Each structure stands twice: as C-alpha cells, then as structure tokens.
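Novice: Pasting target_1.tsv here (TSV, C-alpha atoms):
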```tsv
chain	number	residue	atom	x	y	z
A	1	MET	CA	-17.11	-33.83	-5.28
A	2	ILE	CA	-16.28	-30.78	-7.34
A	3	GLU	CA	-13.44	-31.23	-9.76
A	4	LYS	CA	-10.34	-29.11	-9.72
A	5	GLU	CA	-11.10	-27.62	-13.15
A	6	ILE	CA	-14.51	-26.48	-11.97
A	7	LEU	CA	-12.99	-24.80	-8.91
A	8	GLU	CA	-10.49	-23.03	-11.13
A	9	ALA	CA	-13.35	-21.89	-13.35
A	10	ILE	CA	-15.27	-20.58	-10.31
A	11	LYS	CA	-12.19	-18.65	-9.27
A	12	GLU	CA	-12.16	-17.05	-12.70
A	13	GLY	CA	-15.80	-16.00	-12.22
A	14	ASP	CA	-17.51	-18.67	-14.34
A	15	SER	CA	-21.14	-18.59	-13.22
A	16	LEU	CA	-21.99	-21.95	-14.76
A	17	ALA	CA	-19.27	-23.60	-12.75
A	18	PHE	CA	-20.56	-21.84	-9.67
A	19	ARG	CA	-24.05	-23.16	-10.39
A	20	ASN	CA	-22.53	-26.62	-10.37
A	21	LEU	CA	-21.06	-25.95	-6.94
A	22	VAL	CA	-24.35	-24.58	-5.58
A	23	GLU	CA	-26.26	-27.61	-6.82
A	24	SER	CA	-23.71	-29.93	-5.22
A	25	TYR	CA	-23.59	-28.27	-1.81
A	26	ILE	CA	-26.99	-26.66	-1.27
A	27	ASP	CA	-28.40	-29.75	0.49
A	28	PHE	CA	-25.42	-29.92	2.80
A	29	ALA	CA	-25.66	-26.21	3.61
A	30	TYR	CA	-29.41	-26.28	4.13
A	31	SER	CA	-29.25	-29.36	6.35
A	32	LEU	CA	-26.66	-27.72	8.58
A	33	ALA	CA	-28.50	-24.40	8.71
A	34	PHE	CA	-31.86	-25.98	9.47
A	35	LYS	CA	-30.43	-28.21	12.17
A	36	VAL	CA	-28.92	-25.21	13.93
A	37	LEU	CA	-31.71	-22.72	13.37
A	38	GLY	CA	-34.80	-24.90	13.10
A	39	ASP	CA	-36.58	-22.51	10.75
A	40	THR	CA	-37.18	-23.15	7.05
A	41	GLU	CA	-37.40	-19.53	5.90
A	42	VAL	CA	-34.41	-18.37	7.91
A	43	SER	CA	-32.38	-21.40	6.83
A	44	ASN	CA	-33.12	-20.63	3.18
A	45	ASP	CA	-31.96	-17.05	3.70
A	46	VAL	CA	-28.82	-18.20	5.49
A	47	VAL	CA	-28.02	-20.65	2.69
A	48	GLN	CA	-28.51	-17.94	0.10
A	49	GLU	CA	-26.31	-15.48	1.96
A	50	SER	CA	-23.68	-18.17	2.47
A	51	PHE	CA	-23.44	-18.96	-1.24
A	52	ILE	CA	-23.29	-15.28	-2.10
A	53	LYS	CA	-20.42	-14.93	0.33
A	54	ILE	CA	-18.75	-17.95	-1.28
A	55	TRP	CA	-19.14	-16.22	-4.65
A	56	GLU	CA	-17.63	-13.03	-3.27
A	57	LYS	CA	-14.74	-14.94	-1.72
A	58	ARG	CA	-14.29	-17.30	-4.65
A	59	ARG	CA	-10.69	-16.21	-5.16
A	60	SER	CA	-9.74	-17.76	-1.81
A	61	ILE	CA	-11.06	-21.20	-2.82
A	62	ARG	CA	-8.27	-23.73	-2.57
A	63	SER	CA	-8.30	-26.13	-5.48
A	64	ASP	CA	-6.28	-28.78	-3.63
A	65	GLY	CA	-8.35	-29.01	-0.44
A	66	SER	CA	-11.89	-30.11	0.34
A	67	LEU	CA	-14.62	-27.53	-0.01
A	68	SER	CA	-16.93	-28.90	2.69
A	69	PRO	CA	-15.09	-27.49	5.75
A	70	TRP	CA	-14.88	-24.07	4.11
A	71	ILE	CA	-18.57	-24.02	3.16
A	72	ARG	CA	-19.51	-25.37	6.59
A	73	LYS	CA	-17.52	-22.58	8.24
A	74	ILE	CA	-19.32	-19.91	6.21
A	75	VAL	CA	-22.76	-21.41	6.90
A	76	ILE	CA	-22.01	-21.72	10.63
A	77	ASN	CA	-20.88	-18.11	10.82
A	78	LYS	CA	-24.03	-16.97	9.04
A	79	CYS	CA	-26.13	-19.06	11.45
A	80	TYR	CA	-24.33	-17.52	14.40
A	81	ASP	CA	-24.93	-14.02	13.03
A	82	HIS	CA	-28.60	-14.83	12.78
A	83	LEU	CA	-28.74	-16.29	16.30
A	84	ARG	CA	-27.10	-13.17	17.68
A	85	LYS	CA	-29.57	-10.90	15.87
A	86	LYS	CA	-32.48	-12.92	17.11
A	87	ARG	CA	-31.01	-13.04	20.61
A	88	ARG	CA	-34.20	-13.41	22.52
A	89	GLU	CA	-36.68	-15.73	21.00
A	90	ALA	CA	-40.28	-15.73	22.14
A	91	GLY	CA	-40.44	-17.76	25.31
A	92	PHE	CA	-42.68	-20.75	25.75
A	93	SER	CA	-44.86	-21.23	28.77
A	94	SER	CA	-43.89	-24.25	30.82
A	95	GLU	CA	-47.54	-25.16	31.00
A	96	ASN	CA	-48.20	-28.30	28.91
A	97	SER	CA	-44.61	-28.02	27.68
A	98	GLY	CA	-43.72	-31.48	29.01
A	99	LYS	CA	-46.65	-33.05	27.19
A	100	GLU	CA	-45.72	-31.21	24.03
A	101	VAL	CA	-42.11	-32.44	24.21
A	102	GLU	CA	-43.33	-35.96	24.97
A	103	ARG	CA	-45.66	-35.82	22.01
A	104	LEU	CA	-42.88	-34.48	19.76
A	105	ILE	CA	-40.50	-37.26	20.79
A	106	GLY	CA	-43.16	-39.86	20.19
A	107	SER	CA	-44.36	-38.47	16.87
A	108	GLU	CA	-42.97	-40.27	13.90
A	109	THR	CA	-43.95	-40.44	10.30
A	110	SER	CA	-44.14	-43.66	8.38
A	111	ASP	CA	-40.40	-43.27	7.67
A	112	GLY	CA	-39.74	-43.10	11.39
A	113	GLU	CA	-38.54	-39.50	11.10
A	114	PHE	CA	-39.56	-36.06	12.24
A	115	GLN	CA	-41.35	-33.58	10.12
A	116	ASP	CA	-39.55	-30.23	9.76
A	117	HIS	CA	-42.04	-28.36	11.91
A	118	GLU	CA	-41.83	-30.98	14.65
A	119	TYR	CA	-38.06	-30.77	14.77
A	120	SER	CA	-38.36	-27.01	14.79
A	121	LYS	CA	-40.85	-27.00	17.68
A	122	LEU	CA	-38.82	-29.42	19.76
A	123	LEU	CA	-35.60	-27.52	19.13
A	124	HIS	CA	-37.13	-24.20	20.10
A	125	ARG	CA	-38.79	-25.61	23.21
A	126	LEU	CA	-35.50	-27.04	24.39
A	127	THR	CA	-33.04	-24.32	23.45
A	128	PHE	CA	-34.88	-21.00	23.76
A	129	THR	CA	-33.20	-20.23	27.09
A	130	LEU	CA	-29.69	-20.83	25.76
A	131	SER	CA	-27.43	-18.01	24.59
A	132	PRO	CA	-26.56	-17.94	20.87
A	133	LYS	CA	-23.07	-19.25	21.59
A	134	GLN	CA	-24.32	-22.07	23.81
A	135	LYS	CA	-26.95	-23.03	21.29
A	136	LEU	CA	-24.50	-23.05	18.41
A	137	VAL	CA	-21.87	-25.08	20.25
A	138	PHE	CA	-24.51	-27.52	21.52
A	139	MET	CA	-26.03	-28.04	18.08
A	140	LEU	CA	-22.67	-28.51	16.38
A	141	SER	CA	-21.32	-30.87	19.00
A	142	GLU	CA	-24.36	-32.90	20.03
A	143	ILE	CA	-26.53	-32.89	16.93
A	144	GLU	CA	-24.01	-32.48	14.10
A	145	GLY	CA	-21.43	-34.61	15.89
A	146	MET	CA	-18.53	-32.25	15.22
A	147	SER	CA	-15.36	-32.54	17.31
A	148	HIS	CA	-14.16	-29.66	19.49
A	149	ASP	CA	-11.33	-29.03	17.05
A	150	GLU	CA	-13.72	-28.76	14.14
A	151	ILE	CA	-15.99	-26.41	16.08
A	152	ALA	CA	-13.00	-24.27	17.05
A	153	GLU	CA	-11.90	-24.19	13.42
A	154	SER	CA	-15.37	-23.25	12.18
A	155	THR	CA	-16.39	-20.74	14.83
A	156	GLY	CA	-13.10	-19.26	15.95
A	157	LEU	CA	-13.94	-20.05	19.58
A	158	THR	CA	-11.31	-21.44	21.92
A	159	LYS	CA	-11.57	-25.03	23.09
A	160	SER	CA	-12.11	-23.97	26.70
A	161	SER	CA	-14.93	-21.69	25.65
A	162	ILE	CA	-16.48	-24.52	23.62
A	163	LYS	CA	-16.26	-26.89	26.60
A	164	SER	CA	-17.77	-24.47	29.08
A	165	ASN	CA	-20.59	-23.46	26.71
A	166	LEU	CA	-21.33	-27.07	25.90
A	167	ASN	CA	-21.40	-28.11	29.57
A	168	HIS	CA	-23.69	-25.25	30.41
A	169	ALA	CA	-26.02	-26.10	27.54
A	170	ARG	CA	-26.12	-29.81	28.45
A	171	LYS	CA	-26.82	-29.06	32.09
A	172	ASN	CA	-29.53	-26.61	31.17
A	173	LEU	CA	-31.23	-29.05	28.79
A	174	LYS	CA	-31.00	-31.99	31.19
A	175	ASN	CA	-32.63	-29.91	33.93
A	176	LYS	CA	-35.31	-28.73	31.56
A	177	ILE	CA	-36.07	-32.24	30.30
A	178	GLU	CA	-36.18	-33.59	33.85
A	179	LYS	CA	-38.53	-30.84	34.96
A	180	GLN	CA	-40.82	-31.13	31.98
A	181	LEU	CA	-40.98	-34.88	31.57
A	182	ASN	CA	-40.81	-36.13	35.14
B	1	MET	CA	-31.26	-44.62	27.87
B	2	THR	CA	-32.22	-41.37	29.56
B	3	LYS	CA	-34.81	-38.98	28.19
B	4	TYR	CA	-31.99	-36.57	27.32
B	5	ASP	CA	-30.22	-39.20	25.19
B	6	GLU	CA	-33.50	-40.16	23.59
B	7	ILE	CA	-34.18	-36.56	22.55
B	8	ILE	CA	-30.64	-36.01	21.32
B	9	ASN	CA	-30.77	-39.19	19.24
B	10	LYS	CA	-34.08	-38.07	17.85
B	11	LEU	CA	-32.68	-34.68	16.85
B	12	LYS	CA	-29.47	-36.20	15.56
B	13	GLY	CA	-31.31	-38.65	13.35
B	14	PHE	CA	-33.28	-35.94	11.63
B	15	SER	CA	-32.08	-35.03	8.16
B	16	PRO	CA	-33.87	-32.03	6.68
B	17	GLU	CA	-34.17	-31.61	2.94
B	18	ILE	CA	-34.47	-28.38	1.06
B	19	ARG	CA	-37.77	-27.89	-0.76
B	20	GLY	CA	-37.76	-26.27	-4.17
B	21	LYS	CA	-34.05	-26.83	-4.68
B	22	ASP	CA	-34.06	-25.55	-8.27
B	23	PHE	CA	-35.89	-22.40	-7.24
B	24	HIS	CA	-33.32	-21.67	-4.51
B	25	VAL	CA	-30.40	-22.44	-6.81
B	26	GLN	CA	-31.82	-20.06	-9.41
B	27	LYS	CA	-32.35	-17.39	-6.74
B	28	ILE	CA	-28.73	-17.67	-5.65
B	29	MET	CA	-27.54	-17.49	-9.25
B	30	ASP	CA	-29.69	-14.43	-9.95
B	31	ARG	CA	-28.26	-12.67	-6.93
B	32	THR	CA	-24.68	-13.54	-7.79
B	33	ILE	CA	-25.22	-12.24	-11.33
B	34	SER	CA	-26.71	-8.99	-10.02
B	35	ILE	CA	-23.79	-8.66	-7.59
B	36	SER	CA	-21.35	-9.16	-10.46
B	37	ARG	CA	-23.16	-6.47	-12.47
B	38	GLU	CA	-23.04	-4.09	-9.52
B	39	ARG	CA	-19.36	-4.76	-9.16
B	40	ASN	CA	-18.80	-3.89	-12.78
B	41	SER	CA	-20.78	-0.65	-12.64
B	42	ILE	CA	-19.05	2.75	-12.81
B	43	TYR	CA	-20.24	3.59	-9.33
B	44	ASN	CA	-18.56	0.51	-8.00
B	45	PHE	CA	-15.46	1.23	-10.04
B	46	ILE	CA	-15.21	4.62	-8.34
B	47	PHE	CA	-16.35	3.74	-4.83
B	48	GLY	CA	-15.58	0.03	-4.76
B	49	TRP	CA	-12.56	0.65	-2.57
B	50	SER	CA	-14.89	1.47	0.33
B	51	ASN	CA	-15.66	-2.24	0.62
B	52	ILE	CA	-12.04	-3.00	1.45
B	53	LEU	CA	-11.94	-3.11	5.23
B	54	TRP	CA	-8.24	-2.37	5.79
B	55	LEU	CA	-8.36	0.53	3.37
B	56	ARG	CA	-11.45	1.95	5.05
B	57	ARG	CA	-9.78	1.69	8.47
B	58	SER	CA	-6.55	3.25	7.22
B	59	LEU	CA	-8.43	6.16	5.67
B	60	ALA	CA	-10.43	6.65	8.86
B	61	ALA	CA	-7.16	6.76	10.85
B	62	ALA	CA	-5.64	9.18	8.33
B	63	SER	CA	-8.67	11.46	8.48
B	64	ILE	CA	-8.53	11.51	12.30
B	65	PHE	CA	-4.82	12.44	12.06
B	66	ILE	CA	-5.51	15.21	9.53
B	67	VAL	CA	-8.36	16.66	11.59
B	68	SER	CA	-6.14	16.60	14.72
B	69	LEU	CA	-3.37	18.32	12.78
B	70	PHE	CA	-5.82	20.95	11.54
B	71	VAL	CA	-7.08	21.63	15.07
B	72	PHE	CA	-3.50	21.92	16.35
B	73	GLN	CA	-2.58	24.25	13.47
B	74	GLN	CA	-5.61	26.43	14.20
B	75	PHE	CA	-4.60	26.62	17.83
B	76	VAL	CA	-1.05	27.71	16.90
B	77	ILE	CA	-2.36	30.30	14.40
B	78	VAL	CA	-4.81	31.77	16.90
B	79	ASN	CA	-2.01	32.04	19.47
B	80	ARG	CA	0.28	33.78	16.96
B	81	ILE	CA	-2.44	36.22	15.92
B	82	GLY	CA	-3.01	36.97	19.61
B	83	SER	CA	0.65	37.73	20.21
B	84	LEU	CA	0.87	39.83	17.01
B	85	GLU	CA	-2.17	41.83	18.07
B	86	LYS	CA	-0.53	42.42	21.43
B	87	ARG	CA	2.64	43.62	19.72
B	88	MET	CA	0.65	45.88	17.41
B	89	VAL	CA	-1.10	47.44	20.39
B	90	GLU	CA	2.30	48.06	22.00
B	91	ILE	CA	3.67	49.66	18.80
B	92	ASN	CA	0.56	51.81	18.43
B	93	THR	CA	0.84	52.89	22.05
B	94	GLU	CA	4.48	53.84	21.49
B	95	ASN	CA	3.51	55.82	18.40
B	96	ILE	CA	0.71	57.56	20.23
B	97	LEU	CA	3.03	58.46	23.08
B	98	GLU	CA	5.65	59.71	20.63
B	99	ASN	CA	3.07	61.80	18.83
B	100	GLN	CA	1.75	63.08	22.08
B	101	LYS	CA	5.27	64.06	23.09
B	102	GLU	CA	5.72	65.89	19.82
B	103	ASN	CA	2.31	67.51	20.22
B	104	VAL	CA	3.24	68.71	23.67
B	105	ILE	CA	6.39	70.28	22.25
B	106	VAL	CA	4.48	71.86	19.39
B	107	ASN	CA	1.81	73.14	21.74
B	108	ALA	CA	4.43	74.54	24.06
B	109	ALA	CA	6.11	76.27	21.13
B	110	ILE	CA	2.79	77.70	19.94
B	111	PHE	CA	2.10	78.89	23.41
B	112	ARG	CA	5.47	80.58	23.66
B	113	ILE	CA	5.19	82.11	20.18
B	114	THR	CA	1.72	83.43	20.75
B	115	ASP	CA	2.70	84.62	24.22
B	116	GLU	CA	5.64	86.57	22.86
B	117	THR	CA	3.96	87.78	19.68
B	118	ASN	CA	1.09	89.20	21.67
B	119	LEU	CA	3.49	91.87	22.84
B	120	THR	CA	4.91	92.65	19.42
B	121	ASP	CA	3.39	92.21	15.99
B	122	SER	CA	1.16	89.23	15.27
B	123	ILE	CA	2.13	86.50	12.78
B	124	LYS	CA	0.33	83.31	11.87
B	125	VAL	CA	2.37	80.09	11.68
B	126	ALA	CA	0.76	76.93	10.33
B	127	ARG	CA	0.74	73.96	12.70
B	128	LYS	CA	2.32	71.90	9.92
B	129	ASP	CA	5.25	74.30	9.56
B	130	LEU	CA	5.66	74.42	13.28
B	131	ARG	CA	5.67	70.62	13.44
B	132	SER	CA	8.30	70.57	10.71
B	133	LEU	CA	10.33	73.13	12.65
B	134	VAL	CA	10.14	71.09	15.84
B	135	GLY	CA	11.05	67.97	13.86
B	136	SER	CA	14.10	69.66	12.42
B	137	TYR	CA	15.04	70.90	15.86
B	138	ARG	CA	14.81	67.46	17.34
B	139	ASP	CA	16.76	65.98	14.47
B	140	LEU	CA	19.42	68.62	14.93
B	141	LEU	CA	19.50	67.91	18.64
B	142	LYS	CA	19.91	64.24	18.00
B	143	ARG	CA	22.77	64.81	15.58
B	144	TYR	CA	24.34	67.19	17.99
B	145	ASN	CA	24.21	64.59	20.73
B	146	GLU	CA	25.70	62.01	18.41
B	147	LEU	CA	28.46	64.38	17.43
B	148	GLU	CA	29.10	65.14	21.05
B	149	ASP	CA	29.34	61.44	21.84
B	150	GLU	CA	31.76	60.98	18.96
B	151	ILE	CA	33.97	63.79	20.18
B	152	ARG	CA	33.81	62.44	23.72
B	153	HIS	CA	34.79	59.07	22.44
B	154	GLN	CA	37.72	60.48	20.42
B	155	ARG	CA	39.09	62.59	23.22
B	156	GLY	CA	38.46	59.99	25.81
B	157	GLU	CA	37.35	62.54	28.28
B	158	ALA	CA	34.02	63.81	29.42
B	159	LEU	CA	32.90	67.04	27.99
B	160	ILE	CA	30.37	69.19	29.62
B	161	SER	CA	27.91	69.87	26.95
B	162	PRO	CA	26.14	73.23	27.00
B	163	GLY	CA	23.13	71.64	25.31
B	164	SER	CA	23.01	68.49	27.37
B	165	ASP	CA	19.76	69.46	28.92
B	166	ASN	CA	17.30	68.97	26.13
B	167	ASN	CA	15.29	72.02	26.89
B	168	ILE	CA	13.66	73.66	23.99
B	169	LYS	CA	15.03	77.05	23.34
B	170	LEU	CA	13.35	78.93	20.62
```
For this file, produce the structure as structure tokens.
Specialist:
Amino acid sequence: MIEKEILEAIKEGDSLAFRNLVESYIDFAYSLAFKVLGDTEVSNDVVQESFIKIWEKRRSIRSDGSLSPWIRKIVINKCYDHLRKKRREAGFSSENSGKEVERLIGSETSDGEFQDHEYSKLLHRLTFTLSPKQKLVFMLSEIEGMSHDEIAESTGLTKSSIKSNLNHARKNLKNKIEKQLN
Amino acid sequence: MTKYDEIINKLKGFSPEIRGKDFHVQKIMDRTISISRERNSIYNFIFGWSNILWLRRSLAAASIFIVSLFVFQQFVIVNRIGSLEKRMVEINTENILENQKENVIVNAAIFRITDETNLTDSIKVARKDLRSLVGSYRDLLKRYNELEDEIRHQRGEALISPGSDNNIKL
C-alpha cells in the first residue's frame, strides 16, 4: 500500500516516489497483462507503457482512493489496444490440437502450476478465434474473476455488451473444447 | 467437473511472475526520466500544446472555418471583379460610341469644308482645331437647349425653337 505522502510526492513529479510505486505495483500489472495476453515480451511492453502513462497522468492520482483499480484500468486498456492491433493471430491447425490441449491441462510442475509458455500455448489455442473484445471480457471475467461492474468500469463497455461478449466467448470455448477433447 | 471448468480452473490458478523485476523497473524509470527531459526541452515548450487533445481539435475546427471563410471571400471577390469588368466594358463601349459620334461629326465637317473650299481658295485646318470647334459647337448647343428649357419653364408655354433640330450648320 502506497502512503498518501508518497502519492503527493509522485504528483509533484518526484521520481524516487514513483520508483516506489512501480516496485509496488509492477507484479500486479505484469500478472494481469500476462494473463490477458499470454506473451512475456508483449506483457513487459504493456507494463512499461502503462507505467509511463501513469507517470504522464500522475496529476490525476487521487490520494484518498486506492490505486489498484486505476492502475488495473490503465493496464487493461493497454492490453485491449494491443489485442486490437494484433487482431488476427496466427491460427492453429485443429490437427493434434486436442492432444496438445490435453497435454497442457495435464502438465504440472512440482509446484502443481503451469509454466509461462504452457499457459501461453493453452490460452492461444483456446482463444485465437475470439475477437479482441470477447477475449478481453472473457479473460477478465472468467480468469481474473472480475465482476461485470468492475469490467464496465475498467473497459468502458456497457453491461449488456459485456454479457453478450462473455456468452459468445464461453459458447465458443465450450464448443472448441468439446470438439478437441471428445 | 466438465473439461471447460477444469481448463478455466487451471488458467485461473496460474499466477505469472515478472522476471528481471529490477531491470524492468529501471527501464521504466529511465523512460520516465527521458520523457520528463523531453517535456522540459525548448521544443516541447513551444510545441507542447499540440499534445493537448481538445486544443488540437479546436484549432483544427478553427482552421477549417478560416479556410472556408477564405474560399467564400475569394468567391465574392471574383464575382465583384467580374461585375466591375462588365461595367468597365460598358463604359468603354459608351466612350467609343461617343467618340465615334464626334468623329462622324468631325468627318462630316471636314467633308463639307473640303467640298466647299475646293470651289474657292484652299485652307488647311488641323483635325485637333476642328475637333475643338465641334466640341465648342456642341457645348454651345447644349447650353442653348438648357437656356431654351429654362425659358420654356419660366413662361410656362411651349416655344418652337428654331434650333431644335440638332443639325450641324457650319
């Protein structure tokens, strides 16, 4: 938690105070970016751009409120920009795709967790047919566990749009999983 | 648990960690410092306003308005020049006709003079003097007509003017 004095210092343009903020929130920002994008390099770029935007907009930091929603909103918008730029990802052939997904679900390290590249592969195999908006809404709702209100607040989308995009994404993924694994 | 739920749980449970945190933090700090320097540069001091979106939009709207105004003004000016040219042509035509009329009178006078002088002794009259003579005659005729009108007005009755037909009598 960043103290009020530090936020005031950031507002005044104190770079040391800003460093403190970056160190405190970089893990949070990276985690969110990587979960949505599934790419280490791109996530690093998005995190960097997000913090630069935070620096540029430092005067609108509210000392009384929590910083997390504001930072999350900036990171999500940067992720969405990237998804829109990279609208069509390289498609995967359906051949052996089921086995690959099966293998990815089954693969666990000693900690019982995915490796980055495994998460990335699984995410891309499942979501490459989704539109940027559907992918973003799906990731925020299903993987990040954000409520519709929070998504609306962060993305600027209406609740009805969030619902329809989410339903479409779920349906699409369920069909894909059924086809590939059964 | 369906396969879908299994996959979602798997994805949800994943918590990625940034590698080389210090390196990335330093990179961000370096960029923010360079941005701050850019902001403080003279170039940015002069052209920094172009980053303000509302100002940029307002100026774009103003420039469109000014260009439209300029085009409209040009249209009006061209129209005015056209009408002035037309008027000038009309004035020139009137002048030409007037001159021609005078020339006809002068030529007629020359003709009559030369015709008559052929029979008697020959004299040479300059065209300029003749033009001046005709001018004086016409001026005199005009004044005479004005005087006649004045008299007619004062008497309140119509006078039969002996010189009402404007024939040239030399």
Novice: So the first atom is CA of Leu141 in chain B and the second is CA of Ile91 in chain B; what is the distance between them in Å, to one decimal place?
Specialist: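 Straight-line distance from CA of Leu141 in chain B to CA of Ile91 in chain B works out to 24.2 Å.
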Novice: Check every residue of chain B for an atom within 12 Å of chain A, counting only C-alpha atoms, and provide those that qualify as a PyMOL selection string.
Specialist: chain B and resi 2-36+39+51
Novice: Identify which of the residues A:Leu136, A:Ile76, A:Ile10, A:Leu67 lies closest to Ala169 in chain A, counting only C-alpha atoms when measuring atom-to-atom distances.
Specialist: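 Checking each candidate against Ala169 in chain A, we get A:Leu136 as the closest.
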Novice: Kindly indicate which residue among A:Glu153, A:Lys179, A:His168, A:Ser60 lies nearest to Lys73 in chain A, using all atoms listed in the file for the distances.
Specialist: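 Of A:Glu153, A:Lys179, A:His168, A:Ser60, the one nearest Lys73 in chain A is A:Glu153, counting all atoms listed in the file.
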Novice: Tell me, in Å to one decimal, how far CA of Ser136 in chain B is from CA of Ile105 in chain B.
Specialist: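 Separation between CA of Ser136 in chain B and CA of Ile105 in chain B: 12.5 Å.
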Novice: CA of Ser147 in chain A and CA of His117 in chain A are how many Å apart?
Specialist: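 Spanning CA of Ser147 in chain A to CA of His117 in chain A is a straight-line distance of 27.5 Å.
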Novice: Using only C-alpha atoms, can you tell me which of B:Lys142, B:Asn40, B:Val106, B:Val89 comes closest to Asp129 in chain B?
Specialist: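 The closest residue to Asp129 in chain B is B:Val106.
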Novice: Return the single residue from A:Tyr80, A:Ile61, A:Lys85, A:Ala9 that is closest to Leu157 in chain A, with distances computed using all atoms listed in the file.
Specialist: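 Among A:Tyr80, A:Ile61, A:Lys85, A:Ala9, it is A:Tyr80 that comes nearest to Leu157 in chain A.
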